[in-house]
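This is final.cif (mmCIF, C-alpha atoms and all ligand atoms).
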data_data
loop_
_atom_site.label_atom_id
_atom_site.label_comp_id
_atom_site.auth_asym_id
_atom_site.auth_seq_id
_atom_site.Cartn_x
_atom_site.Cartn_y
_atom_site.Cartn_z
CA MET P 16 12.15 38.98 -4.40
CA ARG P 17 15.79 40.17 -4.57
CA PRO P 18 18.07 38.26 -7.00
CA GLY P 19 20.17 36.90 -4.11
CA GLN P 20 17.10 35.41 -2.53
CA THR P 21 16.11 33.68 -5.74
CA TRP P 22 19.46 31.93 -5.82
CA ARG P 23 19.27 30.90 -2.20
CA THR P 24 15.85 29.40 -2.85
CA ALA P 25 17.15 27.57 -5.91
CA ILE P 26 20.15 26.17 -4.01
CA VAL P 27 18.03 25.04 -1.07
CA THR P 28 15.56 23.41 -3.43
CA SER P 29 18.24 21.48 -5.30
CA LEU P 30 19.90 20.41 -2.04
CA ALA P 31 16.56 19.18 -0.75
CA ALA P 32 15.99 17.21 -3.95
CA PHE P 33 19.48 15.70 -3.69
CA CYS P 34 19.03 14.71 -0.04
CA SER P 35 15.66 13.10 -0.72
CA LEU P 36 17.16 11.08 -3.57
CA ALA P 37 20.15 10.02 -1.49
CA THR P 38 18.06 8.84 1.45
CA ALA P 39 15.61 6.95 -0.72
CA ALA P 40 18.49 5.22 -2.53
CA ASP P 41 20.03 4.34 0.85
CA ILE P 42 16.85 2.74 2.05
CA CYS P 43 16.50 0.81 -1.24
CA SER P 44 19.91 -0.82 -0.86
CA LYS P 45 19.42 -1.40 2.85
CA LEU P 46 16.12 -3.22 2.28
CA ASN P 47 17.71 -5.20 -0.55
CA GLN P 48 20.43 -6.37 1.86
CA GLN P 49 17.69 -7.54 4.21
CA GLY P 50 16.38 -9.85 1.48
CA ILE P 51 13.35 -7.78 0.48
CA THR P 52 12.57 -7.72 -3.25
CA ILE P 53 13.67 -4.33 -4.62
CA GLU P 54 13.27 -3.27 -8.21
CA ASN P 55 15.34 -0.39 -9.52
CA ARG P 56 14.54 2.00 -12.35
CA LEU P 57 14.52 0.63 -15.90
CA THR P 58 14.02 -3.00 -14.94
CA ILE P 59 11.02 -4.77 -16.48
CA PRO P 60 9.26 -5.50 -13.14
CA PHE P 61 9.71 -1.81 -12.18
CA LEU P 62 8.10 -0.66 -15.42
CA ASN P 63 5.32 -3.25 -15.06
CA VAL P 64 4.30 -1.75 -11.70
CA LEU P 65 4.21 1.75 -13.20
CA GLN P 66 1.99 0.52 -16.03
CA ASP P 67 -0.45 -0.91 -13.54
CA TYR P 68 -2.17 2.38 -12.60
CA TRP P 69 -5.68 3.46 -13.46
CA SER P 70 -4.29 6.94 -14.22
CA THR P 71 -1.27 7.05 -16.53
CA ALA P 72 -0.30 10.34 -14.82
CA CYS P 73 0.41 8.33 -11.66
CA GLY P 74 2.51 5.89 -13.70
CA ASP P 75 4.59 8.80 -15.02
CA LEU P 76 5.97 9.42 -11.53
CA ARG P 77 9.29 7.59 -11.09
CA PRO P 78 10.07 6.29 -7.61
CA THR P 79 13.71 5.72 -6.71
CA CYS P 80 12.95 2.03 -6.28
CA ILE P 81 10.00 -0.27 -5.67
CA ALA P 82 9.82 -2.64 -2.70
CA SER P 83 7.57 -5.72 -2.94
CA PRO P 84 7.19 -7.26 0.53
CA LYS P 85 6.00 -10.88 0.58
CA SER P 86 4.72 -10.98 4.15
CA ALA P 87 3.53 -8.81 7.01
CA LEU P 88 6.98 -9.32 8.54
CA GLU P 89 8.71 -7.85 5.48
CA MET P 90 6.23 -4.96 5.45
CA SER P 91 7.10 -4.37 9.09
CA GLN P 92 10.84 -4.33 8.27
CA ILE P 93 10.21 -1.67 5.61
CA VAL P 94 8.07 0.48 7.90
CA LYS P 95 10.69 0.27 10.65
CA GLU P 96 13.35 1.53 8.22
CA LEU P 97 11.10 4.36 7.08
CA HIS P 98 10.55 5.33 10.68
CA ASP P 99 14.21 6.36 11.04
CA ILE P 100 14.74 8.07 7.74
CA ASP P 101 13.36 11.31 6.34
CA THR P 102 12.23 10.22 2.90
CA LEU P 103 8.97 10.24 1.01
CA PHE P 104 7.14 7.01 0.34
CA ALA P 105 3.85 5.75 -1.04
CA VAL P 106 1.97 2.46 -0.87
CA LYS P 107 0.28 0.98 -3.92
CA SER P 108 -2.35 -1.70 -3.88
CA GLY P 109 -4.59 -1.67 -6.99
CA GLY P 110 -3.39 1.78 -8.12
CA HIS P 111 -6.92 2.93 -8.84
CA MET P 112 -6.62 6.26 -6.98
CA PRO P 113 -6.24 8.94 -9.69
CA ASN P 114 -4.48 11.55 -7.50
CA ASN P 115 -0.74 11.83 -8.02
CA GLY P 116 1.29 10.95 -4.95
CA PHE P 117 -1.28 8.81 -3.17
CA ALA P 118 -0.35 5.39 -4.53
CA SER P 119 2.50 6.78 -6.63
CA ILE P 120 5.61 8.82 -5.94
CA GLN P 121 8.43 10.71 -7.64
CA ASP P 122 11.91 10.14 -6.15
CA GLY P 123 10.93 8.20 -3.05
CA LEU P 124 10.20 4.64 -2.02
CA LEU P 125 7.19 2.97 -3.58
CA ILE P 126 5.91 -0.06 -1.70
CA THR P 127 3.69 -2.33 -3.74
CA THR P 128 1.49 -4.90 -2.04
CA GLN P 129 1.41 -7.01 -5.24
CA ASN P 130 3.08 -10.00 -3.54
CA LEU P 131 0.55 -10.00 -0.71
CA ASN P 132 -1.90 -11.81 -2.94
CA ASN P 133 -3.14 -14.89 -1.11
CA VAL P 134 -6.71 -16.12 -1.15
CA ILE P 135 -7.07 -18.86 1.44
CA TYR P 136 -10.60 -20.16 1.90
CA ASN P 137 -11.65 -21.93 5.06
CA ALA P 138 -14.73 -24.03 4.24
CA GLU P 139 -15.36 -24.81 7.91
CA ASP P 140 -16.20 -21.28 9.03
CA GLN P 141 -16.73 -19.91 5.51
CA THR P 142 -14.14 -17.17 5.87
CA ALA P 143 -11.21 -16.30 3.63
CA ILE P 144 -7.85 -14.65 4.10
CA ILE P 145 -7.56 -12.02 1.36
CA GLY P 146 -4.27 -10.27 0.58
CA PRO P 147 -4.36 -6.46 0.17
CA GLY P 148 -2.36 -6.63 -3.07
CA LEU P 149 -5.16 -8.32 -5.01
CA SER P 150 -7.64 -6.72 -7.33
CA TRP P 151 -11.23 -7.63 -6.49
CA GLU P 152 -11.42 -9.61 -9.71
CA ASP P 153 -8.50 -11.82 -8.67
CA ALA P 154 -9.76 -12.08 -5.10
CA GLN P 155 -13.06 -13.40 -6.46
CA LYS P 156 -11.26 -15.76 -8.86
CA GLY P 157 -9.50 -17.22 -5.84
CA LEU P 158 -12.93 -18.25 -4.51
CA ASP P 159 -14.04 -19.90 -7.77
CA GLY P 160 -15.69 -23.23 -7.07
CA THR P 161 -16.46 -22.45 -3.43
CA GLY P 162 -19.93 -21.05 -4.15
CA ARG P 163 -19.03 -17.93 -2.14
CA THR P 164 -18.67 -14.33 -3.17
CA LEU P 165 -17.13 -11.28 -1.55
CA VAL P 166 -18.65 -8.04 -0.34
CA GLY P 167 -16.08 -6.20 -2.44
CA GLY P 168 -15.46 -3.73 -5.25
CA ARG P 169 -17.91 -2.98 -8.02
CA LEU P 170 -15.11 -2.89 -10.62
CA GLY P 171 -12.72 -5.83 -11.01
CA GLY P 172 -9.59 -3.67 -11.35
CA VAL P 173 -10.00 -1.91 -7.99
CA GLY P 174 -7.48 -3.06 -5.36
CA VAL P 175 -8.41 -4.61 -2.04
CA GLY P 176 -6.13 -2.36 0.06
CA GLY P 177 -7.22 1.15 -0.88
CA TYR P 178 -10.86 0.16 -1.30
CA MET P 179 -10.97 -1.24 2.21
CA LEU P 180 -9.40 1.92 3.66
CA GLY P 181 -12.36 3.82 2.24
CA GLY P 182 -14.86 1.49 3.89
CA GLY P 183 -15.87 -0.12 0.60
CA LEU P 184 -19.18 0.30 -1.17
CA SER P 185 -20.29 -2.97 -2.77
CA PHE P 186 -23.19 -4.14 -4.93
CA LEU P 187 -24.08 -6.25 -1.90
CA SER P 188 -23.94 -3.34 0.57
CA SER P 189 -27.69 -2.87 0.90
CA GLN P 190 -27.81 -6.37 2.40
CA TYR P 191 -24.39 -6.74 4.09
CA GLY P 192 -23.15 -3.19 4.73
CA TRP P 193 -19.72 -1.78 3.87
CA ALA P 194 -17.01 -4.21 2.78
CA ALA P 195 -15.06 -3.29 5.94
CA ASN P 196 -18.05 -4.41 8.06
CA ASN P 197 -17.53 -7.92 6.72
CA VAL P 198 -13.89 -8.19 7.75
CA ILE P 199 -13.42 -10.32 10.87
CA ASN P 200 -9.78 -9.46 11.38
CA PHE P 201 -7.30 -6.98 9.92
CA GLU P 202 -3.62 -7.79 10.25
CA VAL P 203 -2.06 -4.34 10.43
CA VAL P 204 1.46 -2.97 10.37
CA LEU P 205 1.42 0.11 12.59
CA ALA P 206 3.53 3.20 11.89
CA ASN P 207 6.22 1.96 14.31
CA GLY P 208 6.43 -1.41 12.53
CA THR P 209 4.54 -3.43 15.13
CA ILE P 210 2.21 -6.04 13.63
CA VAL P 211 -1.16 -6.23 15.34
CA ASN P 212 -4.51 -7.87 14.78
CA ALA P 213 -7.45 -5.50 14.82
CA ASN P 214 -10.87 -7.04 15.36
CA GLU P 215 -13.92 -6.90 17.59
CA LYS P 216 -11.89 -7.80 20.69
CA GLU P 217 -8.31 -6.64 20.07
CA ASN P 218 -7.18 -3.17 18.99
CA THR P 219 -10.73 -2.13 18.31
CA GLY P 220 -9.72 1.50 17.72
CA THR P 221 -7.35 0.43 14.95
CA GLN P 222 -10.10 -1.58 13.30
CA MET P 223 -12.35 1.48 13.29
CA SER P 224 -9.65 3.75 11.90
CA ILE P 225 -8.73 1.41 9.04
CA ALA P 226 -12.11 2.04 7.51
CA SER P 227 -11.48 5.77 7.23
CA TRP P 228 -9.88 7.42 4.24
CA ASP P 229 -6.26 7.91 5.13
CA PRO P 230 -4.17 5.73 2.82
CA ARG P 231 -0.90 7.54 3.49
CA GLN P 232 -0.84 6.80 7.17
CA ARG P 233 -1.94 3.23 7.50
CA MET P 234 -1.11 0.02 5.78
CA THR P 235 -3.25 -3.03 5.81
CA VAL P 236 -1.69 -6.41 5.36
CA GLU P 237 -3.49 -9.67 5.60
CA GLN P 238 -1.48 -12.74 4.79
C1 LIG P 301 4.07 0.72 18.60
O1 LIG P 301 2.86 1.46 18.69
C2 LIG P 301 1.84 0.84 19.46
C3 LIG P 301 0.59 1.70 19.34
O2 LIG P 301 0.83 3.02 19.67
C4 LIG P 301 2.31 0.68 20.91
O3 LIG P 301 1.32 0.02 21.66
C5 LIG P 301 3.59 -0.15 20.90
O4 LIG P 301 4.10 -0.24 22.22
C6 LIG P 301 4.65 0.47 20.00
N1 LIG P 301 5.79 -0.43 19.91
C7 LIG P 301 7.03 -0.02 20.02
C8 LIG P 301 8.08 -1.08 19.87
O5 LIG P 301 7.33 1.14 20.20
#

Have the structure of the file written as structure tokens, please.
Ligand SMILES: *[C@@H]1O[C@H](CO)[C@@H](O)[C@H](O)[C@H]1NC(C)=O
Amino acid sequence: MRPGQTWRTAIVTSLAAFCSLATAADICSKLNQQGITIENRLTIPFLNVLQDYWSTACGDLRPTCIASPKSALEMSQIVKELHDIDTLFAVKSGGHMPNNGFASIQDGLLITTQNLNNVIYNAEDQTAIIGPGLSWEDAQKGLDGTGRTLVGGRLGGVGVGGYMLGGGLSFLSSQYGWAANNVINFEVVLANGTIVNANEKENTGTQMSIASWDPRQRMTVEQ
């Protein structure tokens, strides 16, 4: 490589890094103005999220800010903003995935599903609404006293969201199948921000594709 070329490469690289930072920061303040909880670097809640990874290497990556949507609607607002802007982002549920950049990100928007943490049990039809931000341990705790258990993760610290995207192998799978087979309805935010229900009757293709391993392209929200 000629010396001139090296410099051009260096300049382009630093410009790209600057642009990515600028756009991520823009989206952080824009989402904040819309009332979505945004944590910036060096705040305690920001650091708490980064400590909540199975792999500390993932926690070493520093996003520009962290968004914590509290509903499918807020998740939709975030996805709609991302649709129009050229910035990197990642979605974190339990943070159990060890690969850097899957549920973690350097200089981009990190969306955590930690506030999508409802467990609502319906004794009549013996179903439960389970938020994707829960760990399986906390999801099960939410059912304490009901006499029911979940076809869910084999380790308590695994998150509901990522596990479900992989189909979900459970200790109960030999009897009940994959965890995803036991979900009656997924409430999903599509890539264009539209919220849909995916079940046996509606959006059946979406339901099928949720249970495939592609965490960077789909987000599951159930609340
Ligand atoms: C969003 O995507 C879905 C699925 O492709 C499509 O049916 C829907 O019309 C889109 N909505 C908008 C507002 O573009």

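The list of residues with at least one atom within 8 Å of range 188-200 of chain P, based on all atoms listed in the file and without residues fewer than 4 positions apart in the same chain, reads Val166, Gly167, Met179, Gly182, Gly183, Leu184, Asn212, Ala213, Asn214, Glu215 and Ala226 of chain P.
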
Just give me the gap between CA of Asp41 in chain P and CA of Asn55 in chain P in Å, one decimal is fine.
12.3 Å

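Counting all atoms listed in the file, the residue from P:Gly50, P:Gly176, P:Gly157, P:Gly123 that sits nearest to Pro84 in chain P is P:Gly50.
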
Mind listing the residues within 8 Å of ligand LIG 301 (chain P), only C-alpha atoms and all ligand atoms counted, as a PDB file with C-alpha atoms, keeping the file's coordinate frame?
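The resulting out.pdb:
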ATOM      1  CA  LEU P 205       1.420   0.110  12.590  1.00  0.00           C
ATOM      2  CA  ALA P 206       3.530   3.200  11.890  1.00  0.00           C
ATOM      3  CA  ASN P 207       6.220   1.960  14.310  1.00  0.00           C
ATOM      4  CA  GLY P 208       6.430  -1.410  12.530  1.00  0.00           C
ATOM      5  CA  THR P 209       4.540  -3.430  15.130  1.00  0.00           C
TER       6      THR P 209
END

For range 135-148 of chain P, find every residue with an atom within 12 Å (counting all atoms listed in the file), except residues of its own chain fewer than 4 positions away, and show them as a ChimeraX atom specification.
/P:64,83-87,90,106-110,126-131,152-167,172-180,197-203,234-238

Calculate how many Å separate CA of Leu76 in chain P from CA of Ala40 in chain P, rounding to one decimal.
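CA of Ala40 in chain P lies at a distance of 16.0 Å from CA of Leu76 in chain P.
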
In Å, rounded to a single decimal, give me how far CA of Ile210 in chain P is from CA of Thr52 in chain P.
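Interatomic distance, CA of Thr52 in chain P to CA of Ile210 in chain P: 19.9 Å.
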
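Restricting the calculation to all atoms listed in the file, the smallest distance between Gly171 in chain P and any of P:Ile51, P:Trp69, P:Lys216, P:Phe117 is found for P:Trp69.
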
Residue neighbourhood Ala72 in chain P, 12 Å, all atoms listed in the file, exclusion window fewer than 3 positions, as a list in words
Leu65, Gln66, Asp67, Tyr68, Trp69, Asp75, Leu76, Arg77, Gly110, His111, Met112, Pro113, Asn114, Asn115, Gly116, Phe117, Ala118, Ser119, Ile120 and Gln121 of chain P

Can you list, as a ChimeraX atom specification, every protein, DNA or RNA residue that comes within 7 Å of Ile53 in chain P when you count all atoms listed in the file, leaving out same-chain residues fewer than 5 positions away?
/P:43,47,80-83

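Counting all atoms listed in the file and comparing P:Gly181, P:Asn218, P:Trp151, P:Cys73, the residue that lies closest to Gly168 in chain P is P:Trp151.
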
Which centre and edge lengths in Å to one decimal define the box along x, y and z that fits every listed atom of range 160-179 of chain P plus 8 Å per side, as lines of an AutoDock Vina configuration file?
center_x = -13.0
center_y = -11.0
center_z = -4.6
size_x = 29.8
size_y = 40.4
size_z = 29.6

Go through P:Leu97, P:Leu149, P:Leu125, P:Val134 and flag the residue nearest Gly74 in chain P, using only C-alpha atoms for the distances.
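Checking each of P:Leu97, P:Leu149, P:Leu125, P:Val134 against Gly74 in chain P, counting only C-alpha atoms, the winner is P:Leu125.
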